[in-house]
file structure35.txt (compact mmCIF, C-alpha atoms and all ligand atoms)
# COMPACT_ATOMS: atom_id res chain seq x y z
CA MET Z 1 121.39 67.56 113.44
CA THR Z 2 119.69 70.96 113.11
CA MET Z 3 115.90 71.41 113.14
CA LEU Z 4 116.11 72.47 109.50
CA ALA Z 5 117.76 69.24 108.40
CA LYS Z 6 114.85 67.18 109.80
CA LYS Z 7 112.18 68.94 107.75
CA GLU Z 8 111.26 67.91 104.22
CA LYS Z 9 112.38 70.10 101.36
CA ILE Z 10 109.57 72.10 99.75
CA ALA Z 11 109.65 73.32 96.16
CA VAL Z 12 107.50 76.26 95.06
CA VAL Z 13 106.89 76.64 91.31
CA GLY Z 14 106.07 80.26 90.45
CA ALA Z 15 107.38 83.20 92.49
CA GLY Z 16 104.54 85.70 92.11
CA LEU Z 17 102.01 87.05 94.57
CA MET Z 18 101.11 83.62 95.98
CA GLY Z 19 104.41 81.77 95.45
CA HIS Z 20 106.59 84.10 97.54
CA GLY Z 21 104.04 84.03 100.41
CA ILE Z 22 103.84 80.22 100.34
CA ALA Z 23 107.66 80.10 100.40
CA GLN Z 24 107.63 82.35 103.50
CA VAL Z 25 105.16 80.04 105.30
CA PHE Z 26 107.35 76.96 104.87
CA ALA Z 27 110.64 78.78 105.52
CA ASP Z 28 109.19 80.20 108.74
CA ALA Z 29 108.27 76.65 109.78
CA GLY Z 30 111.90 75.57 109.33
CA HIS Z 31 111.70 73.83 105.94
CA PRO Z 32 114.35 74.29 103.30
CA VAL Z 33 112.45 75.88 100.40
CA ALA Z 34 113.48 76.02 96.73
CA ILE Z 35 111.58 78.43 94.52
CA TYR Z 36 111.53 78.45 90.72
CA ASP Z 37 110.25 81.02 88.24
CA PRO Z 38 111.10 81.41 84.54
CA ASP Z 39 111.04 85.19 85.08
CA ALA Z 40 114.41 86.12 86.60
CA ALA Z 41 113.06 89.46 87.86
CA ALA Z 42 110.19 87.77 89.76
CA LEU Z 43 112.68 85.36 91.29
CA ALA Z 44 115.10 88.10 92.32
CA ARG Z 45 112.34 89.95 94.21
CA VAL Z 46 111.54 86.97 96.46
CA PRO Z 47 114.00 87.68 99.32
CA GLU Z 48 112.93 91.32 99.59
CA ARG Z 49 109.21 90.41 99.47
CA VAL Z 50 109.66 87.69 102.09
CA ARG Z 51 111.62 90.05 104.38
CA GLU Z 52 108.71 92.48 104.14
CA ILE Z 53 106.33 89.73 105.39
CA PHE Z 54 108.59 89.10 108.40
CA ARG Z 55 108.63 92.86 109.04
CA LEU Z 56 104.82 92.95 109.06
CA LEU Z 57 104.84 89.99 111.45
CA ASP Z 58 107.35 91.79 113.75
CA ALA Z 59 109.48 88.66 113.37
CA ASP Z 60 113.14 87.78 112.84
CA PRO Z 61 113.65 87.64 109.03
CA SER Z 62 116.51 85.12 109.14
CA PRO Z 63 114.36 82.19 107.80
CA VAL Z 64 114.57 83.96 104.42
CA ASP Z 65 117.99 82.29 104.22
CA HIS Z 66 116.19 78.91 104.02
CA ILE Z 67 114.83 79.91 100.60
CA SER Z 68 116.98 79.16 97.55
CA LEU Z 69 116.21 80.72 94.16
CA HIS Z 70 116.27 78.61 90.99
CA GLU Z 71 116.11 79.45 87.31
CA ARG Z 72 115.93 75.76 86.42
CA LEU Z 73 112.93 73.72 87.53
CA GLU Z 74 114.87 70.45 87.83
CA ASN Z 75 117.23 72.02 90.38
CA ALA Z 76 114.34 73.41 92.45
CA VAL Z 77 112.50 70.08 92.70
CA ALA Z 78 115.56 67.84 93.23
CA GLY Z 79 115.11 66.16 96.64
CA ALA Z 80 111.78 67.92 97.40
CA GLN Z 81 109.01 65.90 99.10
CA PHE Z 82 106.27 68.44 98.44
CA VAL Z 83 106.03 70.57 95.31
CA ILE Z 84 103.47 73.36 95.13
CA GLU Z 85 102.69 75.01 91.85
CA ALA Z 86 101.66 78.69 91.88
CA GLY Z 87 102.10 79.55 88.22
CA PRO Z 88 99.64 81.40 85.96
CA GLU Z 89 95.95 80.37 86.09
CA ARG Z 90 95.99 78.94 82.55
CA VAL Z 91 95.12 75.32 81.80
CA PRO Z 92 97.78 74.62 79.10
CA ILE Z 93 100.56 76.12 81.27
CA LYS Z 94 99.55 74.14 84.35
CA GLN Z 95 99.14 70.91 82.33
CA GLU Z 96 102.65 71.37 80.99
CA ILE Z 97 104.05 72.11 84.47
CA PHE Z 98 102.44 68.99 85.98
CA ALA Z 99 103.58 66.75 83.12
CA THR Z 100 107.14 68.03 83.67
CA LEU Z 101 106.94 67.75 87.47
CA ASP Z 102 105.63 64.20 87.11
CA ALA Z 103 108.64 63.26 84.98
CA LEU Z 104 111.15 65.04 87.24
CA THR Z 105 110.05 63.67 90.63
CA GLY Z 106 109.78 60.27 92.30
CA PRO Z 107 106.39 58.53 92.80
CA ASP Z 108 106.14 59.47 96.50
CA VAL Z 109 106.54 63.20 95.96
CA ILE Z 110 103.32 65.18 96.51
CA LEU Z 111 102.51 67.48 93.58
CA ALA Z 112 100.07 70.21 94.58
CA SER Z 113 98.47 73.10 92.72
CA ASN Z 114 97.40 76.39 94.21
CA THR Z 115 94.79 76.87 91.46
CA SER Z 116 91.71 78.78 92.59
CA ALA Z 117 89.41 77.45 89.88
CA ILE Z 118 90.82 74.78 87.56
CA PRO Z 119 89.68 71.23 88.36
CA ILE Z 120 92.64 69.16 89.57
CA ARG Z 121 91.81 66.30 87.18
CA GLU Z 122 92.11 68.76 84.26
CA LEU Z 123 95.49 70.19 85.19
CA ALA Z 124 96.82 66.66 85.85
CA ALA Z 125 95.60 65.37 82.46
CA LYS Z 126 99.06 65.10 80.86
CA ALA Z 127 100.80 63.52 83.87
CA ALA Z 128 101.24 59.74 84.10
CA ARG Z 129 101.14 59.29 87.91
CA ARG Z 130 98.08 61.32 88.94
CA ASN Z 131 97.57 59.60 92.29
CA ARG Z 132 99.93 62.13 93.98
CA ILE Z 133 98.48 65.23 92.31
CA LEU Z 134 96.11 67.30 94.45
CA GLY Z 135 95.00 70.86 95.11
CA ALA Z 136 96.43 72.92 97.96
CA HIS Z 137 94.45 76.12 97.70
CA PHE Z 138 96.06 78.81 99.83
CA TRP Z 139 94.17 82.10 100.17
CA ASN Z 140 95.61 85.50 99.43
CA PRO Z 141 97.77 86.54 101.24
CA PRO Z 142 98.91 82.99 102.09
CA HIS Z 143 101.26 84.21 104.84
CA PHE Z 144 98.35 85.85 106.75
CA VAL Z 145 95.33 83.61 105.99
CA SER Z 146 95.73 80.20 107.57
CA LEU Z 147 93.15 78.13 105.65
CA VAL Z 148 94.30 75.75 102.91
CA GLU Z 149 91.74 73.69 100.98
CA VAL Z 150 93.31 70.33 100.10
CA ILE Z 151 91.45 69.00 97.08
CA GLN Z 152 91.25 65.32 96.27
CA SER Z 153 90.44 64.48 92.63
CA ASP Z 154 89.01 61.10 91.67
CA ALA Z 155 92.59 60.04 90.81
CA THR Z 156 94.24 61.27 94.05
CA ASP Z 157 95.23 58.63 96.58
CA ILE Z 158 94.00 59.52 100.08
CA LYS Z 159 97.44 58.79 101.54
CA PHE Z 160 98.84 61.83 99.68
CA VAL Z 161 95.94 63.98 100.92
CA GLN Z 162 96.71 62.90 104.49
CA ARG Z 163 100.43 63.58 104.11
CA ALA Z 164 99.78 67.02 102.60
CA MET Z 165 97.37 67.90 105.41
CA LYS Z 166 99.86 66.88 108.09
CA LEU Z 167 102.67 68.81 106.44
CA LEU Z 168 100.50 71.94 106.17
CA ALA Z 169 99.25 71.66 109.75
CA ASP Z 170 102.81 71.20 111.03
CA ALA Z 171 103.76 74.40 109.14
CA GLY Z 172 101.09 76.32 111.06
CA MET Z 173 98.42 76.30 108.37
CA SER Z 174 94.84 75.15 108.81
CA PRO Z 175 94.18 72.49 106.15
CA VAL Z 176 90.71 71.15 105.28
CA HIS Z 177 89.91 68.15 103.08
CA VAL Z 178 87.76 68.90 100.02
CA LYS Z 179 86.51 65.45 99.04
CA ARG Z 180 85.28 66.29 95.53
CA ASP Z 181 87.05 68.16 92.76
CA ILE Z 182 84.33 70.74 92.07
CA PRO Z 183 84.69 74.29 90.66
CA GLY Z 184 85.47 76.84 93.39
CA PHE Z 185 86.02 74.07 95.97
CA ILE Z 186 84.28 75.23 99.19
CA GLY Z 187 85.43 78.75 100.02
CA ASN Z 188 85.02 80.35 96.62
CA ARG Z 189 81.57 78.79 96.13
CA LEU Z 190 80.45 80.39 99.39
CA GLN Z 191 82.14 83.68 98.60
CA HIS Z 192 80.62 83.93 95.13
CA ALA Z 193 77.15 82.86 96.29
CA LEU Z 194 77.30 85.91 98.58
CA LYS Z 195 78.64 88.15 95.78
CA ARG Z 196 75.87 87.02 93.43
CA GLU Z 197 73.18 88.17 95.86
CA ALA Z 198 75.14 91.34 96.75
CA ILE Z 199 75.35 92.42 93.10
CA ALA Z 200 71.66 91.64 92.52
CA LEU Z 201 70.61 93.71 95.57
CA VAL Z 202 72.53 96.73 94.23
CA ALA Z 203 71.29 96.17 90.65
CA ASN Z 204 67.70 95.98 91.91
CA GLY Z 205 68.01 99.30 93.74
CA VAL Z 206 67.64 97.86 97.24
CA CYS Z 207 70.75 99.72 98.41
CA ASP Z 208 73.97 101.22 97.11
CA ALA Z 209 77.29 99.35 97.14
CA GLU Z 210 78.58 101.19 100.20
CA THR Z 211 75.50 100.23 102.22
CA LEU Z 212 75.80 96.65 101.06
CA ASP Z 213 79.39 96.43 102.31
CA LYS Z 214 78.43 98.05 105.63
CA VAL Z 215 75.65 95.50 106.18
CA VAL Z 216 78.20 92.70 105.77
CA THR Z 217 81.20 94.12 107.65
CA GLU Z 218 79.24 95.62 110.54
CA GLY Z 219 76.48 93.00 110.57
CA PHE Z 220 76.79 89.26 110.15
CA GLY Z 221 80.35 89.60 108.78
CA SER Z 222 81.59 90.77 112.17
CA ARG Z 223 80.72 87.40 113.67
CA LEU Z 224 81.74 85.18 110.73
CA GLY Z 225 85.37 85.05 111.86
CA VAL Z 226 84.35 83.33 115.09
CA LEU Z 227 81.07 81.62 114.19
CA GLY Z 228 80.55 79.65 110.97
CA PRO Z 229 77.12 79.73 109.29
CA LEU Z 230 76.19 76.16 110.23
CA GLU Z 231 77.45 76.61 113.79
CA GLN Z 232 75.33 79.76 113.96
CA SER Z 233 72.28 77.83 112.65
CA ASP Z 234 72.81 75.21 115.33
CA MET Z 235 73.17 77.93 117.95
CA VAL Z 236 69.88 79.66 117.12
CA GLY Z 237 68.08 76.41 116.31
CA LEU Z 238 67.45 74.88 112.90
CA SER Z 239 63.72 75.63 112.92
CA LEU Z 240 64.58 79.34 112.74
CA THR Z 241 66.79 78.70 109.70
CA LEU Z 242 64.01 76.62 108.12
CA ASP Z 243 61.43 79.37 108.71
CA ALA Z 244 63.76 81.93 107.11
CA HIS Z 245 64.43 79.66 104.14
CA ARG Z 246 60.71 79.07 103.55
CA VAL Z 247 60.27 82.81 103.11
CA LEU Z 248 63.58 83.74 101.49
CA ILE Z 249 65.07 81.05 99.30
CA ALA Z 250 62.62 81.39 96.42
CA ASP Z 251 63.28 85.15 96.37
CA LEU Z 252 67.08 85.01 96.17
CA ASP Z 253 68.81 85.89 92.92
CA ARG Z 254 69.08 83.04 90.45
CA THR Z 255 70.50 84.77 87.37
CA PRO Z 256 71.86 81.83 85.36
CA GLY Z 257 75.33 83.32 84.75
CA PRO Z 258 77.35 86.41 85.68
CA HIS Z 259 74.97 89.26 86.57
CA PRO Z 260 74.36 91.82 83.74
CA LEU Z 261 75.51 94.63 86.10
CA LEU Z 262 78.90 92.96 86.51
CA GLU Z 263 79.17 92.31 82.75
CA ALA Z 264 78.31 95.97 82.04
CA LYS Z 265 80.87 97.35 84.51
CA VAL Z 266 83.66 95.23 83.05
CA SER Z 267 82.67 96.13 79.46
CA ALA Z 268 82.72 99.83 80.41
CA GLY Z 269 86.22 99.48 81.93
CA THR Z 270 85.04 100.35 85.45
CA THR Z 271 86.88 97.38 86.91
CA GLY Z 272 87.62 98.57 90.44
CA MET Z 273 90.08 100.47 92.62
CA ALA Z 274 92.95 100.28 90.13
CA VAL Z 275 90.98 102.50 87.68
CA GLY Z 276 89.14 104.60 90.28
CA GLU Z 277 85.71 103.00 89.89
CA GLY Z 278 84.06 99.61 90.26
CA PHE Z 279 80.86 99.15 92.23
CA ARG Z 280 82.00 102.28 94.08
CA ARG Z 281 84.18 105.29 93.16
CA TRP Z 282 87.68 105.38 94.66
CA THR Z 283 90.29 108.10 94.94
CA PRO Z 284 93.88 106.75 95.08
CA GLU Z 285 93.99 107.76 98.78
CA GLN Z 286 90.79 105.88 99.58
CA ALA Z 287 92.05 102.80 97.74
CA THR Z 288 95.35 102.93 99.64
CA ALA Z 289 93.49 103.30 102.95
CA VAL Z 290 91.33 100.21 102.24
CA ARG Z 291 94.38 98.13 101.31
CA LYS Z 292 96.21 99.29 104.45
CA ARG Z 293 93.21 98.51 106.69
CA PHE Z 294 92.90 95.05 105.13
CA GLN Z 295 96.61 94.25 105.46
CA GLU Z 296 96.88 95.52 109.02
CA HIS Z 297 93.87 93.51 110.17
CA LEU Z 298 95.17 90.28 108.65
CA ALA Z 299 98.75 90.90 109.83
CA SER Z 300 97.57 91.51 113.38
CA GLU Z 301 95.62 88.23 113.42
CA ALA Z 302 98.60 86.40 111.89
CA ARG Z 303 100.97 87.86 114.51
CA LYS Z 304 98.76 86.48 117.30
CA ARG Z 305 98.52 83.02 115.72
CA ARG Z 306 102.26 82.94 115.07
CA ALA Z 307 103.10 83.95 118.64
CA ALA Z 308 100.77 81.25 120.02
CA ARG Z 309 102.32 78.65 117.72
CA LYS Z 310 105.89 79.56 118.64
CA ALA Z 311 105.01 79.55 122.36
CA LYS Z 312 103.41 76.08 122.01
CA ALA Z 313 106.45 74.75 120.13
CA GLN Z 314 108.75 75.95 122.91
CA ALA Z 315 106.58 74.59 125.78
N1 LIG B 1 96.12 86.06 93.59
C1 LIG B 1 95.21 85.47 94.37
O1 LIG B 1 94.42 86.11 95.09
C2 LIG B 1 95.16 83.96 94.41
C3 LIG B 1 94.53 83.32 95.49
C4 LIG B 1 94.52 81.92 95.54
C5 LIG B 1 95.08 81.19 94.50
N2 LIG B 1 95.66 81.85 93.44
C6 LIG B 1 96.25 81.05 92.36
O2 LIG B 1 97.65 80.99 92.56
C7 LIG B 1 98.31 80.89 91.29
C8 LIG B 1 99.31 82.02 91.17
O3 LIG B 1 98.64 83.25 91.26
P1 LIG B 1 99.44 84.61 91.56
O4 LIG B 1 98.40 85.60 91.94
O5 LIG B 1 100.59 84.35 92.44
O6 LIG B 1 99.97 84.96 90.08
P2 LIG B 1 101.24 85.86 89.69
O7 LIG B 1 100.97 86.31 88.29
O8 LIG B 1 101.53 86.88 90.72
O9 LIG B 1 102.44 84.81 89.68
C9 LIG B 1 102.57 83.78 88.74
C10 LIG B 1 104.05 83.53 88.54
O10 LIG B 1 104.18 82.38 87.70
C11 LIG B 1 105.32 82.61 86.87
N3 LIG B 1 105.28 81.70 85.73
C12 LIG B 1 104.94 81.96 84.44
N4 LIG B 1 105.06 80.84 83.70
C13 LIG B 1 105.49 79.86 84.55
C14 LIG B 1 105.82 78.49 84.37
N5 LIG B 1 105.72 77.90 83.19
N6 LIG B 1 106.26 77.80 85.45
C15 LIG B 1 106.35 78.38 86.66
N7 LIG B 1 106.04 79.68 86.88
C16 LIG B 1 105.61 80.41 85.83
C17 LIG B 1 105.25 84.08 86.51
O11 LIG B 1 106.52 84.56 86.07
C18 LIG B 1 104.79 84.69 87.84
O12 LIG B 1 105.90 85.09 88.63
C19 LIG B 1 97.21 80.91 90.23
O13 LIG B 1 96.87 79.60 89.90
C20 LIG B 1 96.07 81.61 90.97
O14 LIG B 1 94.80 81.28 90.45
C21 LIG B 1 95.73 83.21 93.39

call {"tool": "encode", "arguments": {"input": "structure35.txt", "output": "structure tokens"}}
result
Amino acid sequence: MTMLAKKEKIAVVGAGLMGHGIAQVFADAGHPVAIYDPDAAALARVPERVREIFRLLDADPSPVDHISLHERLENAVAGAQFVIEAGPERVPIKQEIFATLDALTGPDVILASNTSAIPIRELAAKAARRNRILGAHFWNPPHFVSLVEVIQSDATDIKFVQRAMKLLADAGMSPVHVKRDIPGFIGNRLQHALKREAIALVANGVCDAETLDKVVTEGFGSRLGVLGPLEQSDMVGLSLTLDAHRVLIADLDRTPGPHPLLEAKVSAGTTGMAVGEGFRRWTPEQATAVRKRFQEHLASEARKRRAARKAKAQA
């Protein structure tokens, strides 16, 4: 029996930005992967997009042959043990997808959503067997960022959470268990708490946007990849954190909604790099350079992790 035959079949529902990357992750780990999208053009682009990921990883692209393309959902999910939905971030669409997946699959099949914001209980509302529905929040790009937040709703049975976490870990991802189905889960709450203060600092004239980004990337951001904030608090001693909080916490931004500066920028159409201006002004060359820097950094980290994983598997 080949290695491929021993691995569970994975179905990916939605072949866009996230779906094709998730398909690459499982194909690279030796799973047969079936991907579905109602848009034939999106589906047809999957092999080429997945080959490009292998190129960036300096890796053999042959696992792309483990991915089959499907224009019918029932064919994609037939025989799959784990189905991950990466369709549009719209409640009615996801509710419909999960109701259909629930009807098409057996009771032991894990049904996961890659939603970044919709509560799992809400997207599962039209499904009958909600105990196997959970969140599996991959980060963009899923093929280069290893974290996956596995979200348990009040209806999810822990045994499905455990199975999903094992499957993800075996595929080289780094799953964490989010025990409550709250908006933004863990990562996006932290990320947006930082953005809230960042926007307020710029709006209040403390610094410009470029300075703000420099303070993060060249300051505490440079250590965040190796030292989490609570680990760092433990390292310096909690009394230092307490002293800082006594002075700072009451002064941090607490605008009770999106900041007016953000609202104003979006209303004015200055929505970011794609239009040449957001918090900062961008020429097309500058925008391309930032994207390239970002991709190369993540790809280089992913190459190292992948090489270590393959070496361990062969040892
Ligand atoms: N883009 C990100 O940075 C990011 C990060 C984490 C999570 N997510 C989440 O992942 C999901 C997918 O996001 P994306 O950026 O890949 O979007 P995308 O627009 O690139 O892809 C969505 C795909 O879903 C397809 N689709 C439309 N209707 C469908 C249906 N009924 N069934 C199945 N597929 C359908 C579309 O044709 C499209 O190919 C969303 O829930 C999003 O919130 C996105």

call {"tool": "closest_residue", "arguments": {"input": "structure35.txt", "among": "Z:Ser68, Z:Ser300, Z:Gln95, Z:Thr217", "to": "ligand LIG 1 (chain B)", "atoms": "all atoms listed in the file"}}
result
Z:Gln95

call {"tool": "closest_atom_pairs", "arguments": {"input": "structure35.txt", "of": "chain Z", "to": "ligand LIG 1 (chain B)", "cutoff": "9 Å", "atoms": "only C-alpha atoms and all ligand atoms", "output": "tab-separated table"}}
result
residue	atom	partner	partner_atom	distance
Z:Val12	CA	B:LIG1	C15	8.7
Z:Val13	CA	B:LIG1	C15	5.0
Z:Gly14	CA	B:LIG1	N7	3.6
Z:Ala15	CA	B:LIG1	O12	4.5
Z:Gly16	CA	B:LIG1	O9	3.3
Z:Leu17	CA	B:LIG1	O5	3.7
Z:Met18	CA	B:LIG1	O5	3.7
Z:Gly19	CA	B:LIG1	O5	5.5
Z:His20	CA	B:LIG1	O5	7.9
Z:Gly21	CA	B:LIG1	O5	8.7
Z:Tyr36	CA	B:LIG1	C15	6.6
Z:Asp37	CA	B:LIG1	N7	4.6
Z:Pro38	CA	B:LIG1	C16	5.7
Z:Asp39	CA	B:LIG1	O11	4.7
Z:Ala40	CA	B:LIG1	O11	8.1
Z:Ala41	CA	B:LIG1	O11	8.4
Z:Ala42	CA	B:LIG1	O12	5.2
Z:Leu43	CA	B:LIG1	O12	7.3
Z:Leu73	CA	B:LIG1	N6	8.1
Z:Glu85	CA	B:LIG1	C15	7.2
Z:Ala86	CA	B:LIG1	C7	4.1
Z:Gly87	CA	B:LIG1	O10	3.6
Z:Pro88	CA	B:LIG1	C9	4.7
Z:Glu89	CA	B:LIG1	O13	4.0
Z:Arg90	CA	B:LIG1	O13	7.4
Z:Ile93	CA	B:LIG1	N5	5.8
Z:Lys94	CA	B:LIG1	N5	7.3
Z:Glu96	CA	B:LIG1	N5	7.5
Z:Ile97	CA	B:LIG1	N5	6.2
Z:Ser113	CA	B:LIG1	O13	7.3
Z:Asn114	CA	B:LIG1	O2	4.9
Z:Thr115	CA	B:LIG1	O13	3.8
Z:Ser116	CA	B:LIG1	O14	4.5
Z:Ala117	CA	B:LIG1	O14	6.6
Z:Ile118	CA	B:LIG1	O13	8.1
Z:His137	CA	B:LIG1	C5	6.0
Z:Phe138	CA	B:LIG1	C4	5.5
Z:Trp139	CA	B:LIG1	C4	4.6
Z:Asn140	CA	B:LIG1	O1	4.5
Z:Pro141	CA	B:LIG1	O1	7.0
Z:Pro142	CA	B:LIG1	C3	7.9

call {"tool": "residues_near_point", "arguments": {"input": "structure35.txt", "point": "(84.0, 100.0, 96.3)", "cutoff": "12 Å", "atoms": "only C-alpha atoms", "output": "JSON list (two decimals) with C-alpha atoms, in the coordinates of the input"}}
result
[["chain", "number", "residue", "atom", "x", "y", "z"],
["Z", 199, "ILE", "CA", 75.35, 92.42, 93.10],
["Z", 208, "ASP", "CA", 73.97, 101.22, 97.11],
["Z", 209, "ALA", "CA", 77.29, 99.35, 97.14],
["Z", 210, "GLU", "CA", 78.58, 101.19, 100.20],
["Z", 211, "THR", "CA", 75.50, 100.23, 102.22],
["Z", 212, "LEU", "CA", 75.80, 96.65, 101.06],
["Z", 213, "ASP", "CA", 79.39, 96.43, 102.31],
["Z", 214, "LYS", "CA", 78.43, 98.05, 105.63],
["Z", 270, "THR", "CA", 85.04, 100.35, 85.45],
["Z", 271, "THR", "CA", 86.88, 97.38, 86.91],
["Z", 272, "GLY", "CA", 87.62, 98.57, 90.44],
["Z", 273, "MET", "CA", 90.08, 100.47, 92.62],
["Z", 274, "ALA", "CA", 92.95, 100.28, 90.13],
["Z", 275, "VAL", "CA", 90.98, 102.50, 87.68],
["Z", 276, "GLY", "CA", 89.14, 104.60, 90.28],
["Z", 277, "GLU", "CA", 85.71, 103.00, 89.89],
["Z", 278, "GLY", "CA", 84.06, 99.61, 90.26],
["Z", 279, "PHE", "CA", 80.86, 99.15, 92.23],
["Z", 280, "ARG", "CA", 82.00, 102.28, 94.08],
["Z", 281, "ARG", "CA", 84.18, 105.29, 93.16],
["Z", 282, "TRP", "CA", 87.68, 105.38, 94.66],
["Z", 283, "THR", "CA", 90.29, 108.10, 94.94],
["Z", 286, "GLN", "CA", 90.79, 105.88, 99.58],
["Z", 287, "ALA", "CA", 92.05, 102.80, 97.74],
["Z", 290, "VAL", "CA", 91.33, 100.21, 102.24],
["Z", 291, "ARG", "CA", 94.38, 98.13, 101.31]]

call {"tool": "closest_atom_pairs", "arguments": {"input": "structure35.txt", "of": "range 114-151 of chain Z", "to": "range 164-172 of chain Z", "cutoff": "10 Å", "atoms": "all atoms listed in the file", "output": "CSV"}}
result
residue,atom,partner,partner_atom,distance
Z:Arg132,CA,Z:Ala164,CA,9.9
Z:Leu134,CA,Z:Ala164,CA,8.9
Z:Gly135,CA,Z:Ala164,CA,9.7
Z:Ala136,CA,Z:Ala164,CA,8.2
Z:Ser146,CA,Z:Gly172,CA,7.5
Z:Leu147,CA,Z:Leu168,CA,9.6
Z:Val148,CA,Z:Leu168,CA,8.0
Z:Glu149,CA,Z:Met165,CA,9.2
Z:Val150,CA,Z:Met165,CA,7.1

call {"tool": "closest_residue", "arguments": {"input": "structure35.txt", "among": "Z:Leu230, Z:Leu248, Z:Ala127, Z:Ile53", "to": "Ala155 in chain Z", "atoms": "only C-alpha atoms"}}
result
Z:Ala127

call {"tool": "residues_around", "arguments": {"input": "structure35.txt", "residues": "Asn131 in chain Z", "least_positions_apart": "5", "cutoff": "8 Å", "atoms": "only C-alpha atoms", "output": "list in words"}}
result
Ala155, Thr156, Asp157 and Phe160 of chain Z

call {"tool": "write_last_selection", "arguments": {"input": "structure35.txt", "atoms": "C-alpha atoms", "output": "CSV table (one decimal), keeping the file's coordinate frame"}}
result
chain,number,residue,atom,x,y,z
Z,155,ALA,CA,92.6,60.0,90.8
Z,156,THR,CA,94.2,61.3,94.0
Z,157,ASP,CA,95.2,58.6,96.6
Z,160,PHE,CA,98.8,61.8,99.7

call {"tool": "residues_around", "arguments": {"input": "structure35.txt", "residues": "Arg180 in chain Z", "least_positions_apart": "6", "cutoff": "9 Å", "atoms": "all atoms listed in the file", "output": "ChimeraX atom specification"}}
result
/Z:151-154

call {"tool": "residues_around", "arguments": {"input": "structure35.txt", "residues": "Asn204 in chain Z", "least_positions_apart": "6", "cutoff": "12 Å", "atoms": "all atoms listed in the file", "output": "ChimeraX atom specification"}}
result
/Z:197-198,252-253,259-261

call {"tool": "write_last_selection", "arguments": {"input": "structure35.txt", "atoms": "C-alpha atoms", "output": "mmCIF file, in the frame of the given file"}}
result
data_model
loop_
_atom_site.group_PDB
_atom_site.id
_atom_site.type_symbol
_atom_site.label_atom_id
_atom_site.label_comp_id
_atom_site.auth_asym_id
_atom_site.auth_seq_id
_atom_site.Cartn_x
_atom_site.Cartn_y
_atom_site.Cartn_z
ATOM 1 C CA GLU Z 197 73.180 88.170 95.860
ATOM 2 C CA ALA Z 198 75.140 91.340 96.750
ATOM 3 C CA LEU Z 252 67.080 85.010 96.170
ATOM 4 C CA ASP Z 253 68.810 85.890 92.920
ATOM 5 C CA HIS Z 259 74.970 89.260 86.570
ATOM 6 C CA PRO Z 260 74.360 91.820 83.740
ATOM 7 C CA LEU Z 261 75.510 94.630 86.100
#

call {"tool": "atom_distance", "arguments": {"input": "structure35.txt", "atom1": "CA of Ile110 in chain Z", "atom2": "CA of Phe82 in chain Z"}}
result
4.8 Å

call {"tool": "axis_aligned_box", "arguments": {"input": "structure35.txt", "around": "range 119-129 of chain Z", "padding_each_side": "3 Å", "output": "lines of an AutoDock Vina configuration file"}}
result
center_x = 95.5
center_y = 65.3
center_z = 85.2
size_x = 17.6
size_y = 17.9
size_z = 14.7

call {"tool": "atom_distance", "arguments": {"input": "structure35.txt", "atom1": "CA of Leu69 in chain Z", "atom2": "CA of Arg130 in chain Z"}}
result
27.1 Å
